[in-house]
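Trainee: My file is run.txt. It has compact mmCIF, C-alpha atoms:
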# COMPACT_ATOMS: atom_id res chain seq x y z
CA MET D 154 125.36 -27.94 -189.50
CA THR D 155 122.14 -26.80 -191.16
CA ALA D 156 119.17 -25.58 -189.16
CA ALA D 157 117.17 -28.58 -190.35
CA THR D 158 119.88 -30.98 -189.23
CA ALA D 159 120.20 -29.25 -185.87
CA GLU D 160 116.46 -29.40 -185.42
CA GLN D 161 116.40 -33.07 -186.36
CA GLN D 162 119.22 -33.92 -184.00
CA GLY D 163 117.68 -31.90 -181.21
CA SER D 164 114.43 -33.73 -181.69
CA ALA D 165 116.12 -37.12 -181.69
CA GLY D 166 118.05 -36.17 -178.54
CA ALA D 167 114.80 -35.15 -176.91
CA ASP D 168 113.38 -38.51 -177.97
CA VAL D 169 116.16 -40.31 -176.12
CA GLU D 170 115.53 -38.24 -173.02
CA ALA D 171 111.77 -38.69 -173.28
CA THR D 172 112.26 -42.45 -173.53
CA LEU D 173 114.41 -42.42 -170.40
CA LEU D 174 111.81 -40.36 -168.52
CA GLU D 175 109.06 -42.71 -169.56
CA ARG D 176 111.05 -45.66 -168.27
CA ILE D 177 111.78 -43.83 -165.02
CA ARG D 178 108.07 -43.25 -164.54
CA ALA D 179 107.76 -47.01 -164.77
CA ARG D 180 110.40 -47.21 -161.99
CA ASP D 181 113.17 -48.44 -164.26
CA ARG D 182 116.27 -47.90 -162.15
CA ARG D 183 118.63 -48.57 -165.02
CA ALA D 184 117.05 -45.71 -166.97
CA PHE D 185 117.37 -43.49 -163.92
CA GLU D 186 121.06 -44.32 -163.66
CA MET D 187 121.55 -43.34 -167.30
CA LEU D 188 119.75 -40.04 -166.76
CA TYR D 189 121.70 -39.45 -163.55
CA ARG D 190 125.01 -40.01 -165.30
CA ALA D 191 123.91 -37.86 -168.22
CA TYR D 192 123.22 -34.86 -165.98
CA HIS D 193 125.73 -35.42 -163.20
CA ALA D 194 128.65 -33.41 -164.61
CA ARG D 195 126.49 -30.41 -165.51
CA LEU D 196 124.64 -30.35 -162.21
CA TRP D 197 127.87 -30.84 -160.30
CA ARG D 198 129.46 -27.83 -161.97
CA PHE D 199 126.35 -25.70 -161.48
CA LEU D 200 126.14 -26.57 -157.79
CA HIS D 201 129.88 -26.10 -157.38
CA LYS D 202 129.49 -22.53 -158.62
CA LEU D 203 126.33 -21.90 -156.62
CA LEU D 204 127.37 -23.40 -153.31
CA ARG D 205 131.18 -23.22 -153.26
CA ARG D 206 130.99 -25.83 -150.50
CA PRO D 207 132.41 -29.10 -151.82
CA HIS D 208 130.91 -31.18 -149.05
CA LEU D 209 127.42 -29.99 -149.96
CA ILE D 210 127.51 -30.52 -153.70
CA GLU D 211 126.92 -34.24 -153.89
CA GLU D 212 124.27 -34.11 -151.18
CA VAL D 213 122.28 -31.38 -152.90
CA LEU D 214 122.76 -32.98 -156.29
CA ASN D 215 121.37 -36.27 -155.03
CA ASP D 216 118.51 -34.45 -153.31
CA ALA D 217 117.57 -32.94 -156.66
CA MET D 218 117.92 -36.19 -158.57
CA PHE D 219 115.87 -38.00 -155.96
CA VAL D 220 113.01 -35.64 -156.79
CA VAL D 221 113.31 -36.87 -160.38
CA TRP D 222 113.05 -40.46 -159.22
CA ASP D 223 110.33 -39.91 -156.68
CA ARG D 224 108.29 -37.01 -158.04
CA LEU D 225 108.62 -37.10 -161.78
CA ASP D 226 104.83 -36.84 -161.95
CA THR D 227 105.21 -33.15 -161.01
CA PHE D 228 107.08 -32.46 -164.26
CA ASP D 229 104.30 -31.29 -166.54
CA GLY D 230 106.34 -30.93 -169.72
CA ARG D 231 105.66 -27.22 -170.18
CA SER D 232 109.39 -26.52 -170.03
CA ARG D 233 112.41 -28.50 -171.10
CA PHE D 234 113.23 -31.24 -168.63
CA SER D 235 116.64 -29.66 -168.04
CA THR D 236 114.97 -26.37 -167.04
CA TRP D 237 112.79 -28.20 -164.54
CA LEU D 238 115.71 -30.17 -163.13
CA PHE D 239 117.99 -27.16 -162.77
CA GLY D 240 115.16 -25.30 -161.04
CA ILE D 241 114.96 -28.08 -158.47
CA ALA D 242 118.74 -28.10 -158.00
CA TYR D 243 118.76 -24.32 -157.63
CA ARG D 244 116.07 -24.36 -154.95
CA GLN D 245 117.70 -27.24 -153.10
CA GLY D 246 121.00 -25.38 -153.25
CA LEU D 247 119.55 -22.19 -151.84
CA ALA D 248 117.85 -24.18 -149.09
CA ALA D 249 121.20 -25.74 -148.20
CA LEU D 250 122.82 -22.32 -148.03
CA ARG D 251 120.04 -21.02 -145.83
CA ARG D 252 120.65 -23.90 -143.46
CA LEU D 253 124.19 -22.57 -143.21
CA ASP D 254 122.89 -19.03 -142.70
CA GLU D 255 124.48 -18.02 -145.98
CA PRO D 256 123.03 -14.85 -147.54
CA VAL D 257 121.47 -15.67 -150.88
CA ASP D 258 119.76 -12.43 -151.83
CA ASP D 259 120.87 -9.80 -154.30
CA GLU D 260 121.38 -6.93 -151.88
CA ARG D 261 124.62 -8.47 -150.67
CA GLU D 262 126.17 -8.21 -154.10
CA GLU D 263 124.97 -4.66 -154.67
CA ALA D 264 126.99 -3.55 -151.65
CA ILE D 265 130.26 -5.00 -152.94
CA ASP D 266 132.83 -2.50 -154.08
CA ALA D 267 134.24 -3.94 -157.27
CA ALA D 268 137.48 -2.03 -156.90
CA ALA D 269 138.11 -3.80 -153.62
CA SER D 270 137.56 -7.29 -155.00
CA PRO D 271 140.38 -9.77 -154.46
CA GLY D 272 140.95 -10.09 -158.20
CA ALA D 273 141.51 -6.38 -158.68
CA GLY D 274 143.99 -6.25 -155.83
CA ALA D 275 146.19 -9.08 -157.00
CA GLU D 276 147.92 -7.49 -159.94
CA ALA D 277 150.52 -10.20 -160.40
CA ALA D 278 148.03 -13.03 -160.11
CA ARG D 279 146.88 -14.87 -163.13
CA VAL D 280 143.71 -13.67 -164.80
CA ARG D 281 142.05 -16.91 -164.02
CA ARG D 282 142.55 -16.47 -160.34
CA GLY D 283 141.12 -13.00 -160.65
CA LEU D 284 138.03 -14.35 -162.30
CA ASP D 285 137.59 -17.06 -159.68
CA ALA D 286 138.01 -14.48 -156.97
CA ALA D 287 135.47 -12.21 -158.62
CA LEU D 288 133.03 -15.07 -158.97
CA ALA D 289 133.48 -15.80 -155.29
CA THR D 290 132.43 -12.26 -154.41
CA LEU D 291 129.16 -12.58 -156.28
CA SER D 292 126.08 -13.63 -154.42
CA PRO D 293 124.88 -17.19 -155.11
CA THR D 294 121.99 -15.84 -157.19
CA HIS D 295 124.36 -13.83 -159.39
CA ARG D 296 126.76 -16.73 -159.77
CA ALA D 297 123.83 -18.91 -160.75
CA VAL D 298 122.77 -16.51 -163.51
CA VAL D 299 126.33 -16.28 -164.88
CA GLU D 300 126.72 -20.03 -164.84
CA LEU D 301 123.31 -20.80 -166.33
CA THR D 302 123.93 -18.26 -169.09
CA TYR D 303 127.51 -18.80 -170.15
CA PHE D 304 128.14 -22.45 -169.37
CA HIS D 305 124.78 -24.16 -169.49
CA GLU D 306 123.49 -21.85 -172.21
CA PHE D 307 119.94 -21.41 -171.01
CA ALA D 308 117.87 -18.58 -172.49
CA TYR D 309 117.09 -15.80 -170.06
CA ARG D 310 113.44 -16.79 -169.90
CA GLU D 311 114.46 -20.34 -169.01
CA ILE D 312 116.71 -18.97 -166.29
CA ALA D 313 113.76 -16.96 -165.00
CA ALA D 314 111.80 -20.22 -164.79
CA ILE D 315 114.68 -21.98 -163.02
CA MET D 316 115.08 -19.17 -160.50
CA ASP D 317 111.37 -18.43 -160.25
CA CYS D 318 111.79 -14.73 -160.92
CA PRO D 319 110.81 -12.27 -163.69
CA PRO D 320 112.98 -12.24 -166.85
CA ASP D 321 113.98 -8.63 -166.19
CA THR D 322 115.41 -9.71 -162.84
CA VAL D 323 117.61 -12.19 -164.68
CA LYS D 324 118.87 -9.43 -166.96
CA THR D 325 119.52 -7.16 -164.00
CA ARG D 326 121.45 -9.82 -162.12
CA MET D 327 123.47 -10.62 -165.20
CA PHE D 328 124.20 -6.97 -165.77
CA HIS D 329 125.64 -6.49 -162.28
CA ALA D 330 127.55 -9.77 -162.41
CA ARG D 331 129.16 -8.91 -165.76
CA ARG D 332 130.17 -5.49 -164.53
CA GLN D 333 131.83 -6.99 -161.51
CA LEU D 334 133.56 -9.76 -163.43
CA ARG D 335 134.89 -7.34 -166.02
CA SER D 336 136.26 -5.06 -163.36
CA ALA D 337 138.24 -7.98 -161.99
CA LEU D 338 139.73 -8.94 -165.36
CA SER D 339 142.71 -6.83 -166.28
CA GLY D 340 144.27 -6.61 -169.73
CA GLU D 341 142.67 -7.08 -173.09
CA PRO D 342 139.79 -9.48 -173.72
CA GLY D 343 142.18 -11.84 -175.49
CA ASP D 344 144.02 -12.29 -172.19
CA TRP D 345 140.93 -13.40 -170.32
CA TYR D 346 141.06 -17.06 -171.26
CA MET M 16 136.96 -1.98 -170.74
CA GLY M 17 133.41 -1.41 -171.87
CA GLN M 18 131.15 0.82 -169.86
CA LEU M 19 127.98 -0.92 -168.84
CA THR M 20 125.44 1.64 -167.78
CA ALA M 21 122.91 1.08 -165.07
CA MET M 22 119.67 1.16 -167.01
CA PRO M 23 118.83 0.30 -170.62
CA ASP M 24 117.61 3.73 -171.68
CA ASP M 25 118.52 3.56 -175.35
CA ALA M 26 119.08 1.07 -178.14
CA CYS M 27 122.73 0.54 -177.21
CA ASP M 28 121.97 -0.25 -173.60
CA ALA M 29 119.05 -2.49 -174.51
CA THR M 30 121.45 -4.41 -176.73
CA LEU M 31 124.17 -4.58 -174.10
CA TRP M 32 121.75 -6.09 -171.61
CA LEU M 33 120.97 -8.91 -174.03
CA LEU M 34 124.52 -9.57 -175.26
CA PRO M 35 125.17 -12.58 -172.98
CA TRP M 36 122.34 -14.48 -174.63
CA HIS M 37 123.29 -13.24 -178.07
CA VAL M 38 126.73 -14.77 -177.47
CA THR M 39 125.21 -18.11 -176.53
CA ASP M 40 122.67 -17.90 -179.35
CA THR M 41 119.73 -18.37 -177.01
CA LEU M 42 117.73 -15.23 -177.75
CA ASP M 43 114.29 -15.73 -179.19
CA ALA M 44 113.65 -14.63 -182.75
CA ALA M 45 112.37 -11.14 -181.89
CA ASP M 46 115.19 -10.29 -179.47
CA GLY M 47 117.77 -11.86 -181.76
CA GLU M 48 116.60 -9.86 -184.75
CA ARG M 49 116.59 -6.61 -182.77
CA VAL M 50 120.08 -7.19 -181.34
CA GLY M 51 121.48 -8.32 -184.68
CA ARG M 52 120.12 -5.27 -186.47
CA HIS M 53 121.57 -2.93 -183.87
CA LEU M 54 124.98 -4.60 -183.87
CA ALA M 55 125.21 -4.30 -187.63
CA GLY M 56 125.11 -0.52 -187.35
CA CYS M 57 126.89 0.15 -184.06
CA ALA M 58 130.66 -0.15 -183.77
CA ARG M 59 130.61 0.50 -180.04
CA CYS M 60 128.31 -2.43 -179.35
CA ARG M 61 130.32 -4.68 -181.67
CA ALA M 62 133.36 -3.88 -179.54
CA GLU M 63 131.32 -4.79 -176.48
CA LEU M 64 130.37 -8.04 -178.16
CA ALA M 65 134.04 -8.99 -178.44
CA ARG M 66 134.49 -8.38 -174.72
CA GLU M 67 131.35 -10.33 -173.98
CA ARG M 68 132.61 -13.33 -175.92
CA ALA M 69 135.90 -13.18 -174.05
CA LEU M 70 134.12 -13.09 -170.72
CA ALA M 71 131.87 -16.00 -171.69
CA THR M 72 134.92 -18.03 -172.74
CA ALA M 73 136.72 -17.22 -169.49
CA VAL M 74 133.75 -18.35 -167.42
CA HIS M 75 133.41 -21.44 -169.58
CA THR M 76 136.86 -22.76 -168.68
CA ALA M 77 137.24 -26.14 -167.09
CA GLU M 78 136.50 -26.93 -163.49
CA PRO M 79 137.77 -29.83 -161.42
CA GLY M 80 135.92 -32.85 -162.68
CA ALA M 81 132.98 -34.26 -160.83
CA GLY M 82 133.35 -37.70 -159.37
CA ASP M 83 130.97 -40.59 -159.82
CA GLY M 84 128.06 -39.83 -157.54
CA TRP M 85 125.98 -42.82 -158.58
CA VAL M 86 127.18 -45.03 -155.73
CA GLY M 87 125.76 -42.61 -153.17
CA MET M 88 122.57 -42.12 -155.17
CA SER M 89 122.09 -45.85 -155.57
CA ALA M 90 122.47 -46.40 -151.82
CA ARG M 91 119.91 -43.69 -151.23
CA LEU M 92 117.43 -45.36 -153.55
CA ASP M 93 117.97 -48.62 -151.67
CA ARG M 94 117.13 -46.88 -148.40
CA ALA M 95 114.10 -45.19 -149.88
CA GLU M 96 112.69 -48.27 -151.54
CA PRO M 97 112.42 -50.89 -148.83
CA GLY M 98 109.81 -52.88 -150.68
CA PRO M 99 106.28 -52.54 -151.92
CA ARG M 100 104.44 -53.63 -148.75
CA HIS M 101 106.45 -51.31 -146.57
CA ARG M 102 105.97 -48.51 -149.08
CA ALA M 103 102.24 -48.97 -149.09
CA ARG M 104 102.11 -48.91 -145.29
CA ALA M 105 104.30 -45.81 -145.21
CA TRP M 106 102.00 -44.11 -147.68
CA ALA M 107 98.97 -45.07 -145.64
CA ARG M 108 100.57 -43.65 -142.50
CA ARG M 109 101.29 -40.39 -144.29
CA SER M 110 97.78 -40.19 -145.64
CA GLY M 111 96.29 -40.56 -142.17
CA VAL M 112 94.05 -43.48 -143.05
CA PRO M 113 96.09 -46.49 -142.09
CA GLY M 114 94.89 -49.71 -143.53
CA SER M 115 91.43 -48.50 -144.40
CA GLN M 116 89.48 -50.24 -147.11
CA HIS M 117 89.34 -46.98 -149.00
CA THR M 118 93.12 -46.76 -149.00
CA TRP M 119 93.64 -50.22 -150.42
CA ARG M 120 90.95 -49.70 -153.03
CA TRP M 121 92.75 -46.52 -154.05
CA ILE M 122 96.09 -48.30 -154.29
CA ALA M 123 94.62 -51.15 -156.31
CA GLY M 124 92.95 -48.68 -158.63
CA ALA M 125 96.13 -46.70 -159.06
CA GLN M 126 98.10 -49.84 -159.81
CA PHE M 127 95.54 -50.91 -162.36
CA ALA M 128 95.63 -47.49 -163.99
CA ALA M 129 99.42 -47.53 -164.04
CA LEU M 130 99.45 -50.96 -165.65
CA LEU M 131 96.88 -49.80 -168.18
CA VAL M 132 98.97 -46.77 -169.08
CA LEU M 133 102.16 -48.79 -169.24
CA GLY M 134 100.51 -51.49 -171.31
CA THR M 135 99.12 -48.92 -173.70
CA TRP M 136 102.52 -47.29 -174.01
CA VAL M 137 104.19 -50.57 -174.77
CA ALA M 138 101.49 -51.77 -177.17
CA LEU M 139 100.99 -48.64 -179.20
CA PRO M 140 103.44 -47.72 -181.93
CA PRO M 141 105.62 -44.79 -180.89
CA GLN M 142 104.53 -41.32 -181.96
CA ARG M 143 106.89 -40.57 -184.76
CA ALA M 144 107.52 -38.55 -187.80
CA PRO M 145 107.28 -34.84 -187.58
CA ALA M 146 107.52 -33.85 -191.22
CA TYR M 147 111.07 -32.51 -190.99
CA ARG M 148 112.40 -35.96 -190.12
CA ALA M 149 112.01 -36.88 -193.75
CA LEU M 150 114.66 -34.31 -194.63
CA GLY M 151 117.35 -36.46 -193.02
CA ASP M 152 118.09 -40.13 -192.90
CA ALA M 153 115.89 -41.33 -190.09
CA SER M 154 117.44 -44.77 -190.21
CA GLN M 155 120.69 -43.20 -189.08
CA VAL M 156 119.02 -41.84 -185.97
CA ARG M 157 117.73 -45.28 -185.09
CA ALA M 158 121.08 -46.89 -185.75
CA GLY M 159 122.56 -45.48 -182.54
CA ASN M 160 123.17 -48.13 -179.92
CA ALA M 161 124.94 -46.26 -177.14
CA LEU M 162 124.78 -43.00 -175.23
CA VAL M 163 128.04 -41.29 -174.41
CA MET M 164 128.98 -38.14 -172.49
CA PHE M 165 132.30 -36.38 -172.22
CA ARG M 166 133.75 -34.11 -169.60
CA PRO M 167 132.68 -30.51 -170.27
CA GLU M 168 136.24 -29.43 -170.97
CA THR M 169 136.80 -32.06 -173.68
CA SER M 170 137.79 -30.40 -176.93
CA GLU M 171 136.13 -31.18 -180.19
CA ALA M 172 139.37 -32.65 -181.53
CA ALA M 173 139.74 -34.92 -178.51
CA LEU M 174 136.13 -35.98 -178.89
CA ARG M 175 136.76 -36.99 -182.47
CA ARG M 176 139.88 -38.93 -181.48
CA LEU M 177 137.98 -40.81 -178.79
CA LEU M 178 135.19 -41.75 -181.15
CA ALA M 179 137.61 -42.83 -183.84
CA GLY M 180 139.58 -44.88 -181.33
CA ALA M 181 136.44 -46.80 -180.43
CA ASP M 182 135.45 -47.21 -184.06
CA ALA M 183 132.31 -45.26 -183.17
CA ARG M 184 130.10 -43.26 -185.47
CA LEU M 185 128.31 -40.16 -184.20
CA VAL M 186 124.60 -40.54 -184.86
CA ASP M 187 123.06 -37.71 -182.89
CA GLY M 188 123.58 -35.07 -180.27
CA PRO M 189 124.41 -33.32 -178.21
CA THR M 190 121.16 -33.69 -176.29
CA ALA M 191 120.04 -31.04 -173.83
CA ALA M 192 122.17 -32.83 -171.25
CA GLY M 193 125.22 -32.85 -173.53
CA ALA M 194 124.99 -36.54 -174.38
CA TYR M 195 125.66 -38.06 -177.79
CA VAL M 196 124.03 -41.01 -179.47
CA ILE M 197 126.64 -43.13 -181.20
CA ALA M 198 126.81 -46.34 -183.16
CA LEU M 199 129.36 -48.87 -181.96
CA PRO M 200 130.48 -52.25 -183.26
CA GLY M 201 128.42 -54.96 -181.66
CA ASP M 202 130.89 -57.01 -179.63
CA GLY M 203 130.97 -54.70 -176.59
CA THR M 204 134.72 -54.13 -176.57
CA ALA M 205 134.35 -50.64 -178.05
CA LEU M 206 132.05 -49.63 -175.20
CA THR M 207 134.60 -50.94 -172.72
CA ARG M 208 137.34 -48.96 -174.42
CA LEU M 209 135.29 -45.78 -174.26
CA ARG M 210 134.50 -46.27 -170.57
CA ALA M 211 138.22 -46.54 -169.87
CA GLN M 212 138.84 -43.03 -171.18
CA SER M 213 139.12 -40.36 -168.51
CA ALA M 214 137.31 -37.84 -170.70
CA VAL M 215 134.26 -40.10 -170.89
CA THR M 216 131.78 -39.62 -168.06
CA LEU M 217 129.08 -41.90 -169.42
CA ALA M 218 129.04 -44.72 -171.95
CA GLU M 219 125.91 -46.82 -171.79
CA PRO M 220 124.15 -49.04 -174.29
CA ILE M 221 120.75 -47.87 -175.44
CA GLU M 222 118.23 -50.52 -174.67
CA ARG M 223 115.45 -50.20 -177.18
CA GLY M 224 112.07 -51.81 -177.13
CA PRO M 225 111.18 -54.54 -179.59
CA ASP M 226 109.33 -52.07 -181.81
CA GLN M 227 112.37 -49.88 -182.32
Could you render the structure from this file as structure tokens?

Mentor:
Amino acid sequence: MTAATAEQQGSAGADVEATLLERIRARDRRAFEMLYRAYHARLWRFLHKLLRRPHLIEEVLNDAMFVVWDRLDTFDGRSRFSTWLFGIAYRQGLAALRRLDEPVDDEREEAIDAAASPGAGAEAARVRRGLDAALATLSPTHRAVVELTYFHEFAYREIAAIMDCPPDTVKTRMFHARRQLRSALSGEPGDWY
Amino acid sequence: MGQLTAMPDDACDATLWLLPWHVTDTLDAADGERVGRHLAGCARCRAELARERALATAVHTAEPGAGDGWVGMSARLDRAEPGPRHRARAWARRSGVPGSQHTWRWIAGAQFAALLVLGTWVALPPQRAPAYRALGDASQVRAGNALVMFRPETSEAALRRLLAGADARLVDGPTAAGAYVIALPGDGTALTRLRAQSAVTLAEPIERGPDQ
């Protein structure tokens, strides 16, 4: 695909989304349903990684989407809509964890000894299980950075906007998360997936 | 296993810190140029890049699919939208000026403004045509009549099979949300067929205004 084609398609895709948002501002519920369905799978996965509490995912997801329905006027268009929406979902997710007295800060992860992670100790386990285990040992903020980077493919400055932190903090969190994940993955890189 | 050092104190480390976003091609031009230039001349960092791609792919693997949350969301909207009169009273209660003349004047004014904006939006021709649109076939973009999304783990080959099975033509996408604009035959059966596929999470017609 050429750069011009990609740019054209990206623009047309943004047009579709902008049309939906305009209709939602006019309280068009059908448009809201389309937007909801368009983002549901991505938000669900993001919140699944962030929360790791299945019973909370749908509740937090709907809390975030309700903000879209009820407070779309607070989206000022300075960022991509997806950046704004993921920022809401991230904050709602952290709030839900705080209600459960879950630690969400970075210091927790810094104290983890990578060599003692469940993935490193289970030599016979599949690599995938090791990765899942390593992800589980990360703090929610570190998991969020990994997920937003690798799966949702946000730029680090967009992630900084989502998490309301400086860009260098995003890089630092990603650095520690990568180091921990790598330590949990045995074998050659080709065996990791 | 690559050694990630604690602080980016040289060109290698500065590159290593940015590798995740190099892999996903989301660095801005300046960062991308700097990382690309360094990688071209550094075998060690190229080896790290291979490990980084492997890690990204491992993280990217499929998760259990999300269900359909719309039923719950729809019920929530029903609870939150009990009707315009009730809404207005609820707003007035929150604002601390229940039923005052000022309140109702404000609401009437806001409604008028909203209607004015909506009317203007409907009446005016859409803002179109950045110059680069002329490079492609704009009519193809407009020819899309449905929006479709696939489960994140759907392979490109499976996606092509699904589209071919529905006699669909890909017009645009993916959007930022991962949706595709497609053109379907007009009798509605193709849309039904797509919705029946487990890999399809969304298949909705695009309702366009009369000017489009």

Trainee: Could you work out how far CA of Glu211 in chain D lies from CA of His193 in chain D, giving the answer in Å with one decimal?

Mentor: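 Taking CA of His193 in chain D as the start and CA of Glu211 in chain D as the end point, the length is 9.5 Å.
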
Trainee: Just to confirm, what's the straight-line distance from CA of Leu217 in chain M to CA of Ala194 in chain M in Å (one decimal)?

Mentor: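 Atom-to-atom, CA of Leu217 in chain M and CA of Ala194 in chain M are spaced 8.4 Å apart.
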
Trainee: Using all atoms listed in the file, which residues sit within 8 Å of range 296-309 of chain D once same-chain residues fewer than 3 positions away are excluded, as a list in words?

Mentor: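 Residues near the query, excluding close chain neighbours: Arg195, Phe199, Lys202, Leu203, Leu288, Leu291, Ser292, Pro293, Ile312, Ala313, Pro320, Val323, Lys324, Arg326, Met327, Ala330 and Arg331 of chain D; Pro35, Trp36, Thr39, Thr41, Leu42, Ala71, Thr72, Val74 and His75 of chain M.
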
Trainee: Find, counting all atoms listed in the file, the residue in D:Arg198, D:Arg244, D:Arg190, D:Arg178 that gets nearest to Arg224 in chain D.

Mentor: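 So, comparing all the options, the nearest one is D:Arg178.
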
Trainee: With a distance cut-off of 12 Å and all atoms listed in the file, select the neighbouring residues of Glu63 in chain M, excluding the residue or stretch itself and same-chain residues fewer than 2 positions from it, and output the selection as a list in words.

Mentor: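 Result of the neighbour search: Arg331, Arg335 and Pro342 of chain D; Met16, Gly17, Gln18, Leu19, Cys27, Asp28, Thr30, Leu31, Trp32, Leu33, Leu34, Pro35, His37, Val38, Leu54, Cys57, Ala58, Arg59, Cys60, Arg61, Ala65, Arg66, Glu67, Arg68, Ala69 and Leu70 of chain M.
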
Trainee: Store the residues of this selection in a file with C-alpha atoms, as a PDB file, in the frame of the given file.

Mentor:
ATOM      1  CA  ARG D 331     129.160  -8.910-165.760  1.00  0.00           C
ATOM      2  CA  ARG D 335     134.890  -7.340-166.020  1.00  0.00           C
ATOM      3  CA  PRO D 342     139.790  -9.480-173.720  1.00  0.00           C
TER       4      PRO D 342
ATOM      5  CA  MET M  16     136.960  -1.980-170.740  1.00  0.00           C
ATOM      6  CA  GLY M  17     133.410  -1.410-171.870  1.00  0.00           C
ATOM      7  CA  GLN M  18     131.150   0.820-169.860  1.00  0.00           C
ATOM      8  CA  LEU M  19     127.980  -0.920-168.840  1.00  0.00           C
ATOM      9  CA  CYS M  27     122.730   0.540-177.210  1.00  0.00           C
ATOM     10  CA  ASP M  28     121.970  -0.250-173.600  1.00  0.00           C
ATOM     11  CA  THR M  30     121.450  -4.410-176.730  1.00  0.00           C
ATOM     12  CA  LEU M  31     124.170  -4.580-174.100  1.00  0.00           C
ATOM     13  CA  TRP M  32     121.750  -6.090-171.610  1.00  0.00           C
ATOM     14  CA  LEU M  33     120.970  -8.910-174.030  1.00  0.00           C
ATOM     15  CA  LEU M  34     124.520  -9.570-175.260  1.00  0.00           C
ATOM     16  CA  PRO M  35     125.170 -12.580-172.980  1.00  0.00           C
ATOM     17  CA  HIS M  37     123.290 -13.240-178.070  1.00  0.00           C
ATOM     18  CA  VAL M  38     126.730 -14.770-177.470  1.00  0.00           C
ATOM     19  CA  LEU M  54     124.980  -4.600-183.870  1.00  0.00           C
ATOM     20  CA  CYS M  57     126.890   0.150-184.060  1.00  0.00           C
ATOM     21  CA  ALA M  58     130.660  -0.150-183.770  1.00  0.00           C
ATOM     22  CA  ARG M  59     130.610   0.500-180.040  1.00  0.00           C
ATOM     23  CA  CYS M  60     128.310  -2.430-179.350  1.00  0.00           C
ATOM     24  CA  ARG M  61     130.320  -4.680-181.670  1.00  0.00           C
ATOM     25  CA  ALA M  65     134.040  -8.990-178.440  1.00  0.00           C
ATOM     26  CA  ARG M  66     134.490  -8.380-174.720  1.00  0.00           C
ATOM     27  CA  GLU M  67     131.350 -10.330-173.980  1.00  0.00           C
ATOM     28  CA  ARG M  68     132.610 -13.330-175.920  1.00  0.00           C
ATOM     29  CA  ALA M  69     135.900 -13.180-174.050  1.00  0.00           C
ATOM     30  CA  LEU M  70     134.120 -13.090-170.720  1.00  0.00           C
TER      31      LEU M  70
END

Trainee: Closest to His201 in chain D among D:Arg231, D:Leu214, D:Arg176, D:Asp226, using only C-alpha atoms?

Mentor: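 Comparing D:Arg231, D:Leu214, D:Arg176, D:Asp226 against His201 in chain D, the winner is D:Leu214.
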
Trainee: I want to know what sits within 12 Å of Leu250 in chain D, based on all atoms listed in the file, with residues of the same chain fewer than 4 positions away left out; could you give that as a ChimeraX atom specification?

Mentor: /D:200,203-206,209-210,213,243-246,254-258,292-294

Trainee: Using C-alpha atoms, can you write the selected residues to a file as a compact mmCIF listing (two decimals), in the coordinates of the input?

Mentor:
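The resulting part-v6.txt:
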# COMPACT_ATOMS: atom_id res chain seq x y z
CA LEU D 200 126.14 -26.57 -157.79
CA LEU D 203 126.33 -21.90 -156.62
CA LEU D 204 127.37 -23.40 -153.31
CA ARG D 205 131.18 -23.22 -153.26
CA ARG D 206 130.99 -25.83 -150.50
CA LEU D 209 127.42 -29.99 -149.96
CA ILE D 210 127.51 -30.52 -153.70
CA VAL D 213 122.28 -31.38 -152.90
CA TYR D 243 118.76 -24.32 -157.63
CA ARG D 244 116.07 -24.36 -154.95
CA GLN D 245 117.70 -27.24 -153.10
CA GLY D 246 121.00 -25.38 -153.25
CA ASP D 254 122.89 -19.03 -142.70
CA GLU D 255 124.48 -18.02 -145.98
CA PRO D 256 123.03 -14.85 -147.54
CA VAL D 257 121.47 -15.67 -150.88
CA ASP D 258 119.76 -12.43 -151.83
CA SER D 292 126.08 -13.63 -154.42
CA PRO D 293 124.88 -17.19 -155.11
CA THR D 294 121.99 -15.84 -157.19

Trainee: Tell me which protein, DNA and RNA residues are within 12 Å of Met164 in chain M, counting all atoms listed in the file, leaving out same-chain ones fewer than 2 positions away, and put them as a count of residues only.

Mentor: 40

Trainee: What gap, in Å, lies between CA of Thr204 in chain M and CA of Asp182 in chain M?

Mentor: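 About the pair CA of Thr204 in chain M and CA of Asp182 in chain M: they are 10.2 Å apart.
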
Trainee: Between M:Ala205, M:Ala179, M:Ala55, M:Leu92, single out the one closest to Arg180 in chain D, counting all atoms listed in the file.

Mentor: M:Leu92

Trainee: Write out N, CA and C atoms for range 37-42 of chain M, as a JSON list (two decimals), in the frame of the given file.

Mentor:
[["chain", "number", "residue", "atom", "x", "y", "z"],
["M", 37, "HIS", "N", 122.92, -13.29, -176.65],
["M", 37, "HIS", "CA", 123.29, -13.24, -178.07],
["M", 37, "HIS", "C", 124.54, -14.09, -178.29],
["M", 38, "VAL", "N", 125.48, -13.99, -177.36],
["M", 38, "VAL", "CA", 126.73, -14.77, -177.47],
["M", 38, "VAL", "C", 126.44, -16.27, -177.45],
["M", 39, "THR", "N", 125.51, -16.68, -176.62],
["M", 39, "THR", "CA", 125.21, -18.11, -176.53],
["M", 39, "THR", "C", 124.11, -18.54, -177.50],
["M", 40, "ASP", "N", 123.67, -17.61, -178.32],
["M", 40, "ASP", "CA", 122.67, -17.90, -179.35],
["M", 40, "ASP", "C", 121.39, -18.49, -178.74],
["M", 41, "THR", "N", 120.95, -17.88, -177.66],
["M", 41, "THR", "CA", 119.73, -18.37, -177.01],
["M", 41, "THR", "C", 118.64, -17.30, -176.94],
["M", 42, "LEU", "N", 118.81, -16.22, -177.70],
["M", 42, "LEU", "CA", 117.73, -15.23, -177.75],
["M", 42, "LEU", "C", 116.60, -15.75, -178.62]]
